[in-house]
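Participant: After the structure tokens below, expect a handful of questions from me.
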Amino acid sequence: MALLLRTGLTPLTYAALAAAVLAALALVALPRLLPSALDRGAVGDDRPTFVLPRGPLLGIAALALLAFVAEGAIADWSAVYIRDALNTDRGLAAGGFVAFNLAMFAARLLGDPLRARFSAVALLRGGGVLAALGMAVALLAQSPGVAFVGFALTGLGLSNVVPVLFSAAGALPGVSAATGVAAAASAGYAGFLIGPPVIGVLAGVITLKAALLLVVVFAALIAVAAGTVRHARPVGAAPASH
């Protein structure tokens with residue numbers, strides 16, 4: 001889409017193209033889905049899909065909320081920030097989100113090997129610090145290229161935060177895995193929904209650059225509170241009984 005923006009196509013044209021490609025992929029994928037994905041009864045209707053976090057889940061859910069707010073802010077506002085603050089065209093401005101997503105995708109492929117080598121606390125702390133530094137670089141950048149590097153570093157930092165948090169929620173002593181993951185996911189995806197509008201409101205009151213400083217603050221808070229997941233099992237460890 002970033003490349004198509006630079007060709008001069010209208011938004012309606014490339015949105016229609018994206019819809020056509022996604023529809024074709026869906027038609028190819030649907031017959032190949034596992035039975036449990038097509039038949040909810042095969043999974044079990046008693047498994048929670050939305051859970052209000054309470055007790056020991058609150059800390060993990062709060063960190064998931066912060067992580068998803070940060071991801072949502074970058075998803076919705078990184079291109080606007082690069083376009084306005086660095087005076088670039090729309091196609092080039094979208095490169096910040098592209099860099100963020102590519103870095104996150106690449107780093108998540110390495111998530112299990114990293115969890116096998118490092119503790120959940122170390123990954124969460126290191127990821128939070130890297131994300132905070134990367135976002136600071138993006139906000140201080142004077143050129144699009146440097147901003148792209150900053151957003152890529154932010155993607156690397158945030159890449160395994162949510163998987164670590166979901167894993168920790170599912171391994172919490174005294175809480176079933178289904179309940180733990182559902183609680184963390186409920187809080188996290190709520191953050192993904194409310195984060196971008198909050199950034200937009202703040203941008204109207206202060207500036208977009210100042211509003212995006214929230215991502216730096218939230219990433220730093222994740223690093224500070226990394227001890228919340230100290231109970232998480234190493235990759236390959238037997239799950240605890242509930």
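In the structure tokens, chains take the letters A, B, ... in the order shown, each chain's residues start at 1, and ligands count up from 1 in the order shown.
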Which residues are near Val162 of chain A? Cut-off 9 Å, only C-alpha atoms, ignore same chain within fewer than 6 positions. Put them as a PyMOL selection string.
Facilitator: chain A and resi 63-64+67-68+188
Participant: With C-alpha atoms retained, write the just-selected residues as a PDB file, in the first residue's frame.
Facilitator:
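Now in part.pdb:
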```pdb
ATOM      1  CA  LEU A  63       1.224  -4.499  30.954  1.00  0.00           C
ATOM      2  CA  ALA A  64      -0.675  -6.050  28.030  1.00  0.00           C
ATOM      3  CA  ALA A  67       1.901  -2.847  25.037  1.00  0.00           C
ATOM      4  CA  PHE A  68      -1.181  -2.801  22.844  1.00  0.00           C
ATOM      5  CA  GLY A 188      -4.654  -5.902  25.604  1.00  0.00           C
TER       6      GLY A 188
END
```
Participant: Could you list, with a cut-off of 12 Å and counting only C-alpha atoms, the residues of segment 52-136 of chain A near segment 198-220 of chain A, each shown with its nearest atom pair and the distance in Å rounded to one decimal, rows sorted by chain and ascending number, as JSON lines?
Facilitator:
```
{"residue": "A:Ala62", "atom": "CA", "partner": "A:Phe218", "partner_atom": "CA", "distance": 10.5}
{"residue": "A:Leu63", "atom": "CA", "partner": "A:Phe218", "partner_atom": "CA", "distance": 8.6}
{"residue": "A:Ala64", "atom": "CA", "partner": "A:Phe218", "partner_atom": "CA", "distance": 10.4}
{"residue": "A:Leu65", "atom": "CA", "partner": "A:Phe218", "partner_atom": "CA", "distance": 9.5}
{"residue": "A:Leu66", "atom": "CA", "partner": "A:Phe218", "partner_atom": "CA", "distance": 5.7}
{"residue": "A:Ala67", "atom": "CA", "partner": "A:Ala219", "partner_atom": "CA", "distance": 7.1}
{"residue": "A:Phe68", "atom": "CA", "partner": "A:Phe218", "partner_atom": "CA", "distance": 9.9}
{"residue": "A:Val69", "atom": "CA", "partner": "A:Val215", "partner_atom": "CA", "distance": 7.8}
{"residue": "A:Ala70", "atom": "CA", "partner": "A:Val215", "partner_atom": "CA", "distance": 5.1}
{"residue": "A:Glu71", "atom": "CA", "partner": "A:Val215", "partner_atom": "CA", "distance": 8.4}
{"residue": "A:Gly72", "atom": "CA", "partner": "A:Ile199", "partner_atom": "CA", "distance": 9.5}
{"residue": "A:Ala73", "atom": "CA", "partner": "A:Ile199", "partner_atom": "CA", "distance": 6.7}
{"residue": "A:Ile74", "atom": "CA", "partner": "A:Leu212", "partner_atom": "CA", "distance": 8.3}
{"residue": "A:Ala75", "atom": "CA", "partner": "A:Ile199", "partner_atom": "CA", "distance": 11.4}
{"residue": "A:Asp76", "atom": "CA", "partner": "A:Ile199", "partner_atom": "CA", "distance": 9.3}
{"residue": "A:Trp77", "atom": "CA", "partner": "A:Ile199", "partner_atom": "CA", "distance": 8.1}
{"residue": "A:Ser78", "atom": "CA", "partner": "A:Leu212", "partner_atom": "CA", "distance": 8.9}
{"residue": "A:Ala79", "atom": "CA", "partner": "A:Leu208", "partner_atom": "CA", "distance": 11.4}
{"residue": "A:Val80", "atom": "CA", "partner": "A:Leu208", "partner_atom": "CA", "distance": 8.8}
{"residue": "A:Tyr81", "atom": "CA", "partner": "A:Leu208", "partner_atom": "CA", "distance": 6.8}
{"residue": "A:Ile82", "atom": "CA", "partner": "A:Lys209", "partner_atom": "CA", "distance": 9.8}
{"residue": "A:Arg83", "atom": "CA", "partner": "A:Leu208", "partner_atom": "CA", "distance": 11.5}
{"residue": "A:Asp84", "atom": "CA", "partner": "A:Leu208", "partner_atom": "CA", "distance": 9.3}
{"residue": "A:Ala85", "atom": "CA", "partner": "A:Lys209", "partner_atom": "CA", "distance": 8.1}
{"residue": "A:Leu86", "atom": "CA", "partner": "A:Lys209", "partner_atom": "CA", "distance": 11.2}
{"residue": "A:Leu124", "atom": "CA", "partner": "A:Ala219", "partner_atom": "CA", "distance": 9.7}
{"residue": "A:Arg125", "atom": "CA", "partner": "A:Ala220", "partner_atom": "CA", "distance": 8.6}
{"residue": "A:Gly126", "atom": "CA", "partner": "A:Ala220", "partner_atom": "CA", "distance": 9.9}
{"residue": "A:Gly127", "atom": "CA", "partner": "A:Ala219", "partner_atom": "CA", "distance": 8.1}
{"residue": "A:Gly128", "atom": "CA", "partner": "A:Ala219", "partner_atom": "CA", "distance": 4.7}
{"residue": "A:Val129", "atom": "CA", "partner": "A:Ala220", "partner_atom": "CA", "distance": 6.0}
{"residue": "A:Leu130", "atom": "CA", "partner": "A:Ala219", "partner_atom": "CA", "distance": 8.3}
{"residue": "A:Ala131", "atom": "CA", "partner": "A:Ala219", "partner_atom": "CA", "distance": 5.9}
{"residue": "A:Ala132", "atom": "CA", "partner": "A:Val216", "partner_atom": "CA", "distance": 4.4}
{"residue": "A:Leu133", "atom": "CA", "partner": "A:Val216", "partner_atom": "CA", "distance": 7.4}
{"residue": "A:Gly134", "atom": "CA", "partner": "A:Val216", "partner_atom": "CA", "distance": 8.4}
{"residue": "A:Met135", "atom": "CA", "partner": "A:Val216", "partner_atom": "CA", "distance": 6.0}
{"residue": "A:Ala136", "atom": "CA", "partner": "A:Val216", "partner_atom": "CA", "distance": 6.5}
```
Participant: Have a look at A:Leu153, A:Val161, A:Leu172, A:Leu9 and name the one nearest to Phe100 of chain A; count only C-alpha atoms.
Facilitator: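 Answer, going by the shortest atom-to-atom distance: A:Leu153.
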Participant: Pick out the residues sitting within 7 Å of Gly180 of chain A, and hand them over as a list in words; count only C-alpha atoms, and ignore anything fewer than 6 positions along from it in its own chain.
Facilitator: Leu57, Ala169 and Gly170 of chain A
Participant: Using DSSP on the backbone coordinates, identify the residues of segment 14-241 of chain A assigned to helix (DSSP H, G or I); present them as a PyMOL selection string.
Facilitator: chain A and resi 14-32+35-38+40-43+57-85+90-93+95-109+111-117+120-140+144-158+161-170+177-205+208-224+226-229
Participant: I need the residue nearest Ser143 of chain A from this list: A:Leu5, A:Ile60, A:Ala223, A:Ala93. Use only C-alpha atoms for the distance.
Facilitator: A:Ala93
Participant: Excluding same-chain residues fewer than 3 positions from Met104 of chain A, what lies within 9 Å of it counting only C-alpha atoms, as a PyMOL selection string?
Facilitator: chain A and resi 99-101+107-109+152-160
Participant: Using all heavy atoms, can you write the selected residues to a file as a JSON list (two decimals), in the first residue's frame?
Facilitator:
```json
[["chain", "number", "residue", "atom", "x", "y", "z"],
["A", 99, "ALA", "N", 8.53, -0.41, 8.49],
["A", 99, "ALA", "CA", 9.73, -0.80, 9.24],
["A", 99, "ALA", "C", 9.37, -1.41, 10.58],
["A", 99, "ALA", "O", 9.95, -2.42, 11.00],
["A", 99, "ALA", "CB", 10.63, 0.43, 9.43],
["A", 100, "PHE", "N", 8.41, -0.82, 11.26],
["A", 100, "PHE", "CA", 7.95, -1.34, 12.55],
["A", 100, "PHE", "C", 7.41, -2.76, 12.41],
["A", 100, "PHE", "O", 7.78, -3.67, 13.17],
["A", 100, "PHE", "CB", 6.87, -0.40, 13.10],
["A", 100, "PHE", "CG", 6.19, -0.90, 14.35],
["A", 100, "PHE", "CD1", 6.77, -0.73, 15.59],
["A", 100, "PHE", "CD2", 4.95, -1.53, 14.28],
["A", 100, "PHE", "CE1", 6.15, -1.18, 16.75],
["A", 100, "PHE", "CE2", 4.32, -1.99, 15.43],
["A", 100, "PHE", "CZ", 4.92, -1.81, 16.66],
["A", 101, "ASN", "N", 6.56, -2.98, 11.41],
["A", 101, "ASN", "CA", 5.93, -4.29, 11.25],
["A", 101, "ASN", "C", 6.91, -5.35, 10.80],
["A", 101, "ASN", "O", 6.86, -6.50, 11.26],
["A", 101, "ASN", "CB", 4.78, -4.19, 10.23],
["A", 101, "ASN", "CG", 3.43, -4.03, 10.92],
["A", 101, "ASN", "OD1", 3.28, -4.35, 12.08],
["A", 101, "ASN", "ND2", 2.46, -3.52, 10.19],
["A", 107, "ALA", "N", 11.33, -10.51, 14.44],
["A", 107, "ALA", "CA", 11.71, -10.83, 15.82],
["A", 107, "ALA", "C", 10.77, -11.86, 16.44],
["A", 107, "ALA", "O", 11.19, -12.68, 17.26],
["A", 107, "ALA", "CB", 11.73, -9.56, 16.66],
["A", 108, "ARG", "N", 9.50, -11.86, 16.07],
["A", 108, "ARG", "CA", 8.57, -12.85, 16.63],
["A", 108, "ARG", "C", 8.87, -14.25, 16.12],
["A", 108, "ARG", "O", 8.58, -15.23, 16.80],
["A", 108, "ARG", "CB", 7.13, -12.46, 16.32],
["A", 108, "ARG", "CG", 6.62, -11.42, 17.31],
["A", 108, "ARG", "CD", 5.14, -11.16, 17.22],
["A", 108, "ARG", "NE", 4.74, -10.26, 18.31],
["A", 108, "ARG", "CZ", 3.58, -9.64, 18.37],
["A", 108, "ARG", "NH1", 2.70, -9.81, 17.40],
["A", 108, "ARG", "NH2", 3.30, -8.84, 19.38],
["A", 109, "LEU", "N", 9.46, -14.36, 14.93],
["A", 109, "LEU", "CA", 9.87, -15.67, 14.45],
["A", 109, "LEU", "C", 10.97, -16.25, 15.34],
["A", 109, "LEU", "O", 11.13, -17.47, 15.41],
["A", 109, "LEU", "CB", 10.39, -15.56, 13.01],
["A", 109, "LEU", "CG", 9.35, -15.26, 11.92],
["A", 109, "LEU", "CD1", 10.02, -15.17, 10.57],
["A", 109, "LEU", "CD2", 8.25, -16.32, 11.90],
["A", 152, "ALA", "N", 11.74, 0.74, 13.58],
["A", 152, "ALA", "CA", 12.15, -0.66, 13.50],
["A", 152, "ALA", "C", 12.64, -1.15, 14.86],
["A", 152, "ALA", "O", 12.31, -2.27, 15.29],
["A", 152, "ALA", "CB", 13.25, -0.82, 12.45],
["A", 153, "LEU", "N", 13.42, -0.33, 15.56],
["A", 153, "LEU", "CA", 13.89, -0.71, 16.89],
["A", 153, "LEU", "C", 12.72, -0.87, 17.86],
["A", 153, "LEU", "O", 12.71, -1.77, 18.71],
["A", 153, "LEU", "CB", 14.87, 0.33, 17.42],
["A", 153, "LEU", "CG", 16.22, 0.41, 16.72],
["A", 153, "LEU", "CD1", 17.04, 1.58, 17.26],
["A", 153, "LEU", "CD2", 16.99, -0.89, 16.88],
["A", 154, "THR", "N", 11.72, -0.01, 17.71],
["A", 154, "THR", "CA", 10.52, -0.12, 18.55],
["A", 154, "THR", "C", 9.81, -1.43, 18.28],
["A", 154, "THR", "O", 9.34, -2.11, 19.21],
["A", 154, "THR", "CB", 9.57, 1.06, 18.30],
["A", 154, "THR", "OG1", 10.29, 2.29, 18.43],
["A", 154, "THR", "CG2", 8.41, 1.05, 19.29],
["A", 155, "GLY", "N", 9.71, -1.81, 17.00],
["A", 155, "GLY", "CA", 9.09, -3.09, 16.66],
["A", 155, "GLY", "C", 9.86, -4.26, 17.23],
["A", 155, "GLY", "O", 9.26, -5.22, 17.73],
["A", 156, "LEU", "N", 11.19, -4.20, 17.17],
["A", 156, "LEU", "CA", 12.01, -5.27, 17.76],
["A", 156, "LEU", "C", 11.75, -5.37, 19.26],
["A", 156, "LEU", "O", 11.63, -6.47, 19.81],
["A", 156, "LEU", "CB", 13.49, -4.99, 17.50],
["A", 156, "LEU", "CG", 14.01, -5.17, 16.07],
["A", 156, "LEU", "CD1", 15.47, -4.74, 15.99],
["A", 156, "LEU", "CD2", 13.86, -6.61, 15.61],
["A", 157, "GLY", "N", 11.68, -4.22, 19.92],
["A", 157, "GLY", "CA", 11.48, -4.22, 21.36],
["A", 157, "GLY", "C", 10.13, -4.75, 21.78],
["A", 157, "GLY", "O", 10.02, -5.52, 22.74],
["A", 158, "LEU", "N", 9.08, -4.36, 21.06],
["A", 158, "LEU", "CA", 7.73, -4.77, 21.44],
["A", 158, "LEU", "C", 7.37, -6.15, 20.92],
["A", 158, "LEU", "O", 6.35, -6.72, 21.35],
["A", 158, "LEU", "CB", 6.71, -3.76, 20.90],
["A", 158, "LEU", "CG", 6.70, -2.37, 21.54],
["A", 158, "LEU", "CD1", 5.69, -1.47, 20.83],
["A", 158, "LEU", "CD2", 6.39, -2.45, 23.03],
["A", 159, "SER", "N", 8.17, -6.71, 20.02],
["A", 159, "SER", "CA", 7.79, -7.92, 19.30],
["A", 159, "SER", "C", 7.39, -9.07, 20.22],
["A", 159, "SER", "O", 6.38, -9.75, 19.98],
["A", 159, "SER", "CB", 8.93, -8.37, 18.38],
["A", 159, "SER", "OG", 10.11, -8.60, 19.15],
["A", 160, "ASN", "N", 8.16, -9.32, 21.26],
["A", 160, "ASN", "CA", 7.89, -10.48, 22.11],
["A", 160, "ASN", "C", 7.28, -10.12, 23.46],
["A", 160, "ASN", "O", 7.13, -10.99, 24.32],
["A", 160, "ASN", "CB", 9.17, -11.29, 22.30],
["A", 160, "ASN", "CG", 9.52, -12.06, 21.04],
["A", 160, "ASN", "OD1", 8.78, -12.93, 20.60],
["A", 160, "ASN", "ND2", 10.65, -11.70, 20.42]]
```
Participant: Can you work out the spacing between atom CA of Ala15 of chain A and atom CA of Ala147 of chain A in Å, to one decimal?
Facilitator: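 These two atoms are separated by 26.1 Å.
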Participant: In Å, how far is it from atom CA of Ala226 of chain A to atom CA of Ala141 of chain A?
Facilitator: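 According to the coordinates, atom CA of Ala226 of chain A and atom CA of Ala141 of chain A are separated by 28.2 Å.
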Participant: Counting only C-alpha atoms, figure out which residue out of A:Leu123, A:Val175, A:Val181, A:Val224 gets nearest to Pro56 of chain A.
Facilitator: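 So, comparing all the options, the nearest one is A:Val175.
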